[in-house]
Amino acid sequence: MRYKLFRVFLLLVVLAVSVWFVRGYSNTRTMFYGDVLGYYIYLPATFIYDNHKAIDKLPDSVEVPLLVKESMANMRNGYVVTKKGYLLVQYTYGMSVLEAPFFFAAHAWAKMNKLSSTGYSPPYEMAIKISSVIYALLGCWLIYLVLRRWYGRTHSLLVTTLIYLGTNLFWFTLYQQGMAHVPLFFLYAVLVLFSVRLYERASWLNFLVVGLTAGFITVIRPTDIICLLVPALYGVYSKETLIQRLAFLRTHLRKVLGAAAVFILPIIPQLLYWKMMTGSYLFYSYGGQSFNWNDPKILEGLFYYSNGWLPYSPIMVFSLAGFFLYRYIKQWFWCLGLLFPLYVYIIYSWYCYNYINGLGSRPMIHIYPLLAIPLAAFLLWVWNRKSIVLNVVVALVCSFFVSLNISYSVQRSVGVMNSEESNFEYNTQMMFRTKLRYDDLVTFDLAEFQPDTAKITRIKTLACLNFNDSSSEYYIQDTITGSGYFYKMTDEYIPYSIDLKYDKAALGEAKWMKCSGRFMYPQYPEYFRHLLILSYRRNGEFLSWKGCKIENKINSYKHERQFLEQSRPGEWGTVYFFSLIPKGVKDGDDIKVELWNIGKLPMLLDDICIEAYR
């Protein structure tokens, strides 16, 4: 009876939180761009347009959302063009197979209701969104079935709920649908469950499901071929069990070969596609994107706030703690002990180790079905301590972690969280908040808390650039004041900067430096923004470098609603920031204030100053 009540309670919580998030923060923008379009594009290309050899071209009569057209137009800038002149889709076809049932349902619905059946209209978007939800639910259900083999029903249901609500699985299920991570989460859950079943009952079905599932995981993400370690090492935890495993495989050799055959089956269409497009059965479709095997960013990928794993899925700290509970995870000890570090090494050797575009380290979602096991082990260990205090503390921490994860999802959806560029200071300052202040924008850029201006005192202005020389073509008459000039910046760097020498005696008790200037830009800066930079150097080597974005702060305080990526072209405004003087700075070290125009876009500027505060 208590289990039924607990089950109903958890299901109601999951349903209520999910519906609340979707209704209040759902993604209304078209989803067919970037990675999502790359995974999905095989379906309309195969079943509607038959345009694989010109996949970025649609008939002129076809109307699709502007973002889809722009994404297709940009494909030739990022995708490989083969020697045959064909545009090769960067992503493998595997995701389109998992999306196919939902695509066909949407296509039939559109046809029957005389709606747009271009493959990119609202029925298709809704179908792909639903597919993410379905695969997430199925994956969670399979996790529950796996956990039930070692843990009680209540315990298993709780852990499954924590995986969903306490990790970035929540974000990719309900907001950023269409990415590969949720379907791969589902496939890993299938693989884990049937790997267990295979050694309970060595049937042909179990062998074939394991082989086929591993094949689809591999074709979707080739580096995940290490998923084969799951069926290979589950239940192996000693020399004796290893010998037993080898004997088991020899006994069922025909079934092993059958599993190997169906493992290869999903890979064959990809090889044929590469052959058709490139003339070779094997082809690296990611161009210049590659792995840095000698310099993996493991610490950054796991722990940094710039889209690291644990900062945005903090509940998984308990999963890592479960790795040390051998008695509780004995059947999985070798599997987890080998696969997890190898998986981490591979994904954080990727050149873009922080996996931009999302919330937290996206690839870690795939192996949550495995990581649910040590998470369950840790929580069971806590429960077995029979300590009310310990149980309450862990329960409160779990509740906090879940709330934090959901808060991050809300912040990301309303434009006040960009995890790929974030930092500890900003996340701490913005905890459970959805409205930005000016200081928050600065903290996001500098990773440095701003001082309370009521508690600091200005010492003096150290230098200013006023741009009052009218002899250059870059100087424009200041029509606002009627006198003086301002500078029009179009190059990457302006030929002017403030250059000072640090002098402790002259600065006295100075603790802060304030940099400021007046700015206006005539057009939206897109991805590349202008930076106001303060740096300290010794013999040309940086002691400190702080770069503050300009566009998103111009007159931001005048508007009630602020975003990290806001911009207001055509408005003059003052931008400033405070930065602590580095502790290691010495007399004679260089202090430099400069402007960096990364995108070489026009910017008007004046009155660039640096001041000392104590």
# chains A, B, ... in the order shown; residues from 1 in each chain; ligands from 1

$ residues_around --residues "segment 458-463 of chain A" --least-positions-apart "3" --cutoff "6 Å" --atoms "only C-alpha atoms" --output "PyMOL selection string"
chain A and resi 609-613

$ write_last_selection --atoms "N, CA and C atoms" --output "CSV table (one decimal), in the first residue's frame"
chain,number,residue,atom,x,y,z
A,609,CYS,N,37.9,54.9,-20.4
A,609,CYS,CA,38.6,55.4,-19.2
A,609,CYS,C,38.9,54.2,-18.2
A,610,ILE,N,39.9,54.4,-17.4
A,610,ILE,CA,40.2,53.5,-16.3
A,610,ILE,C,40.4,54.3,-15.1
A,611,GLU,N,39.7,53.8,-14.0
A,611,GLU,CA,39.8,54.5,-12.7
A,611,GLU,C,40.1,53.5,-11.6
A,612,ALA,N,40.7,54.0,-10.5
A,612,ALA,CA,41.1,53.2,-9.4
A,612,ALA,C,40.2,53.4,-8.2
A,613,TYR,N,39.8,52.3,-7.5
A,613,TYR,CA,38.9,52.4,-6.4
A,613,TYR,C,39.5,51.6,-5.2

$ select_by_dssp --residues "segment 257-381 of chain A" --states "helix (DSSP H, G or I)" --output "MDAnalysis selection string"
chainID A and resid 257:264 267:278 298:303 309:312 316:322 326:347 362:381

$ closest_residue --among "A:Leu11, A:Leu205, A:Ile406, A:Leu272" --to "Val256 of chain A" --atoms "only C-alpha atoms"
A:Leu205

$ closest_atom_pairs --of "segment 393-502 of chain A" --to "segment 592-608 of chain A" --cutoff "6 Å" --atoms "only C-alpha atoms" --output "Markdown table"
| residue | atom | partner | partner_atom | distance |
| --- | --- | --- | --- | --- |
| A:Cys464 | CA | A:Ile608 | CA | 5.4 |
| A:Leu465 | CA | A:Ile608 | CA | 5.0 |
| A:Asn466 | CA | A:Asp607 | CA | 4.6 |
| A:Phe486 | CA | A:Asp606 | CA | 5.1 |
| A:Tyr487 | CA | A:Leu605 | CA | 5.4 |
| A:Lys488 | CA | A:Leu604 | CA | 4.6 |
| A:Met489 | CA | A:Met603 | CA | 5.0 |
| A:Thr490 | CA | A:Pro602 | CA | 4.7 |
| A:Asp491 | CA | A:Lys600 | CA | 5.3 |
| A:Glu492 | CA | A:Asn597 | CA | 4.4 |
| A:Tyr493 | CA | A:Trp596 | CA | 5.3 |
| A:Ser497 | CA | A:Glu594 | CA | 4.8 |
| A:Ile498 | CA | A:Val593 | CA | 4.9 |
| A:Asp499 | CA | A:Lys592 | CA | 4.7 |

$ write_last_selection --atoms "N, CA and C atoms" --output "mmCIF file, in the first residue's frame"
data_model
loop_
_atom_site.group_PDB
_atom_site.id
_atom_site.type_symbol
_atom_site.label_atom_id
_atom_site.label_comp_id
_atom_site.auth_asym_id
_atom_site.auth_seq_id
_atom_site.Cartn_x
_atom_site.Cartn_y
_atom_site.Cartn_z
ATOM 1 N N CYS A 464 42.262 58.331 -19.859
ATOM 2 C CA CYS A 464 41.074 58.291 -20.719
ATOM 3 C C CYS A 464 41.488 58.462 -22.174
ATOM 4 N N LEU A 465 40.695 57.865 -23.068
ATOM 5 C CA LEU A 465 40.799 58.102 -24.506
ATOM 6 C C LEU A 465 39.538 58.848 -24.935
ATOM 7 N N ASN A 466 39.710 60.121 -25.353
ATOM 8 C CA ASN A 466 38.548 60.941 -25.690
ATOM 9 C C ASN A 466 38.345 61.132 -27.183
ATOM 10 N N PHE A 486 34.004 61.177 -31.895
ATOM 11 C CA PHE A 486 34.098 59.807 -31.419
ATOM 12 C C PHE A 486 34.718 58.964 -32.516
ATOM 13 N N TYR A 487 35.075 57.727 -32.165
ATOM 14 C CA TYR A 487 35.866 56.883 -33.061
ATOM 15 C C TYR A 487 34.984 55.784 -33.656
ATOM 16 N N LYS A 488 35.129 55.545 -34.958
ATOM 17 C CA LYS A 488 34.410 54.465 -35.624
ATOM 18 C C LYS A 488 35.356 53.284 -35.799
ATOM 19 N N MET A 489 35.034 52.201 -35.130
ATOM 20 C CA MET A 489 35.893 51.013 -35.120
ATOM 21 C C MET A 489 35.376 49.999 -36.140
ATOM 22 N N THR A 490 36.215 49.598 -37.068
ATOM 23 C CA THR A 490 35.835 48.576 -38.048
ATOM 24 C C THR A 490 36.859 47.450 -38.139
ATOM 25 N N ASP A 491 38.086 47.705 -37.695
ATOM 26 C CA ASP A 491 39.112 46.669 -37.702
ATOM 27 C C ASP A 491 39.010 45.826 -36.434
ATOM 28 N N GLU A 492 39.784 44.733 -36.389
ATOM 29 C CA GLU A 492 39.735 43.850 -35.214
ATOM 30 C C GLU A 492 40.205 44.570 -33.965
ATOM 31 N N TYR A 493 41.223 45.398 -34.097
ATOM 32 C CA TYR A 493 41.696 46.195 -32.966
ATOM 33 C C TYR A 493 41.827 47.646 -33.431
ATOM 34 N N SER A 497 45.109 52.374 -27.344
ATOM 35 C CA SER A 497 44.805 51.661 -26.106
ATOM 36 C C SER A 497 45.335 52.492 -24.954
ATOM 37 N N ILE A 498 44.882 52.200 -23.768
ATOM 38 C CA ILE A 498 45.421 52.825 -22.554
ATOM 39 C C ILE A 498 46.519 51.921 -22.031
ATOM 40 N N ASP A 499 47.741 52.443 -21.942
ATOM 41 C CA ASP A 499 48.885 51.666 -21.474
ATOM 42 C C ASP A 499 49.501 52.353 -20.261
#

$ residues_around --residues "Met316 of chain A" --least-positions-apart "2" --cutoff "12 Å" --atoms "only C-alpha atoms" --output "PyMOL selection string"
chain A and resi 159+162-169+302-303+309-314+318-323+364-365+367-376+378-379+397-398+401-402+405

$ residues_around --residues "segment 578-587 of chain A" --least-positions-apart "2" --cutoff "7 Å" --atoms "only C-alpha atoms" --output "list in words"
Gln450, Tyr502, Asp503, Lys504, Lys511, Trp512, Met513, Lys514, Cys515 and Asp589 of chain A

$ residues_around --residues "segment 356-362 of chain A" --least-positions-apart "4" --cutoff "10 Å" --atoms "only C-alpha atoms" --output "PyMOL selection string"
chain A and resi 34-35+167-172+175-176+179-182+301-313+347-348+352+366+405+408-409+412+417-421

$ closest_residue --among "A:Ala447, A:Val230, A:Ala506, A:Ala202" --to "Phe577 of chain A" --atoms "only C-alpha atoms"
A:Ala447

$ atom_distance --atom1 "atom CA of Phe207 of chain A" --atom2 "atom CA of Gln244 of chain A"
17.5 Å

$ select_by_dssp --residues "segment 442-555 of chain A" --states "strand (DSSP E or B)" --output "number ranges by chain"
A: 458-465, 475-477, 485-489, 493, 498-501, 512-520, 530-538, 541-549

$ atom_distance --atom1 "atom CA of Phe194 of chain A" --atom2 "atom CA of Ala105 of chain A"
28.3 Å

$ residues_around --residues "segment 42-50 of chain A" --least-positions-apart "6" --cutoff "12 Å" --atoms "only C-alpha atoms" --output "VMD selection string"
chain A and resid 32 36 56 to 59 62 88 to 104 106 to 107 117 to 121 124 128 269 to 270 273

$ residues_around --residues "Gly415 of chain A" --least-positions-apart "4" --cutoff "12 Å" --atoms "only C-alpha atoms" --output "list in words"
Tyr25, Asn27, Tyr408, Ser409, Val410, Gln411, Ser419, Arg433, Thr434, Lys435, Leu436, Leu441, Arg561, Gln562, Phe563, Leu564, Glu565 and Gln566 of chain A

$ atom_distance --atom1 "atom CA of Pro525 of chain A" --atom2 "atom CA of Tyr557 of chain A"
19.7 Å

$ decode --residues "segment 36-61 of chain A" --atoms "N, CA and C atoms" --output "tab-separated table (two decimals), in the first residue's frame"
chain	number	residue	atom	x	y	z
A	36	VAL	N	20.01	18.97	-35.12
A	36	VAL	CA	18.70	18.34	-35.28
A	36	VAL	C	18.37	18.17	-36.76
A	37	LEU	N	18.62	19.21	-37.56
A	37	LEU	CA	18.38	19.12	-38.99
A	37	LEU	C	19.28	18.07	-39.63
A	38	GLY	N	20.53	18.01	-39.19
A	38	GLY	CA	21.46	17.04	-39.75
A	38	GLY	C	21.03	15.60	-39.51
A	39	TYR	N	20.48	15.32	-38.34
A	39	TYR	CA	19.99	13.97	-38.05
A	39	TYR	C	18.74	13.64	-38.85
A	40	TYR	N	17.87	14.62	-38.97
A	40	TYR	CA	16.52	14.41	-39.51
A	40	TYR	C	16.46	14.47	-41.03
A	41	ILE	N	17.39	15.18	-41.66
A	41	ILE	CA	17.26	15.53	-43.07
A	41	ILE	C	17.20	14.31	-43.98
A	42	TYR	N	17.70	13.16	-43.53
A	42	TYR	CA	17.63	11.95	-44.34
A	42	TYR	C	16.18	11.57	-44.67
A	43	LEU	N	15.27	11.82	-43.75
A	43	LEU	CA	13.88	11.37	-43.93
A	43	LEU	C	13.18	12.11	-45.07
A	44	PRO	N	13.09	13.46	-45.03
A	44	PRO	CA	12.47	14.13	-46.18
A	44	PRO	C	13.27	13.94	-47.47
A	45	ALA	N	14.59	13.83	-47.37
A	45	ALA	CA	15.40	13.62	-48.57
A	45	ALA	C	15.09	12.28	-49.22
A	46	THR	N	14.79	11.26	-48.41
A	46	THR	CA	14.52	9.92	-48.94
A	46	THR	C	13.07	9.75	-49.37
A	47	PHE	N	12.14	10.22	-48.58
A	47	PHE	CA	10.73	9.89	-48.80
A	47	PHE	C	9.90	11.01	-49.41
A	48	ILE	N	10.48	12.20	-49.55
A	48	ILE	CA	9.72	13.29	-50.16
A	48	ILE	C	10.42	13.86	-51.39
A	49	TYR	N	11.72	14.19	-51.26
A	49	TYR	CA	12.39	14.96	-52.31
A	49	TYR	C	13.36	14.15	-53.17
A	50	ASP	N	13.83	13.01	-52.72
A	50	ASP	CA	14.82	12.22	-53.44
A	50	ASP	C	15.99	13.10	-53.89
A	51	ASN	N	16.58	13.81	-52.93
A	51	ASN	CA	17.63	14.79	-53.27
A	51	ASN	C	18.91	14.59	-52.47
A	52	HIS	N	19.30	13.34	-52.24
A	52	HIS	CA	20.49	13.07	-51.44
A	52	HIS	C	21.75	13.69	-52.03
A	53	LYS	N	21.81	13.79	-53.35
A	53	LYS	CA	23.01	14.33	-53.98
A	53	LYS	C	23.00	15.86	-54.03
A	54	ALA	N	21.90	16.46	-53.63
A	54	ALA	CA	21.82	17.93	-53.50
A	54	ALA	C	20.90	18.22	-52.32
A	55	ILE	N	21.34	17.71	-51.16
A	55	ILE	CA	20.44	17.64	-50.01
A	55	ILE	C	20.09	19.02	-49.44
A	56	ASP	N	20.86	20.04	-49.78
A	56	ASP	CA	20.58	21.40	-49.30
A	56	ASP	C	19.69	22.17	-50.26
A	57	LYS	N	19.21	21.51	-51.32
A	57	LYS	CA	18.37	22.18	-52.31
A	57	LYS	C	16.95	21.61	-52.26
A	58	LEU	N	15.96	22.49	-52.18
A	58	LEU	CA	14.57	22.09	-52.25
A	58	LEU	C	13.92	22.78	-53.45
A	59	PRO	N	12.87	22.19	-54.00
A	59	PRO	CA	12.18	22.85	-55.12
A	59	PRO	C	11.72	24.26	-54.74
A	60	ASP	N	11.74	25.15	-55.71
A	60	ASP	CA	11.37	26.55	-55.44
A	60	ASP	C	9.94	26.67	-54.92
A	61	SER	N	9.10	25.72	-55.29
A	61	SER	CA	7.69	25.79	-54.88
A	61	SER	C	7.46	25.38	-53.43
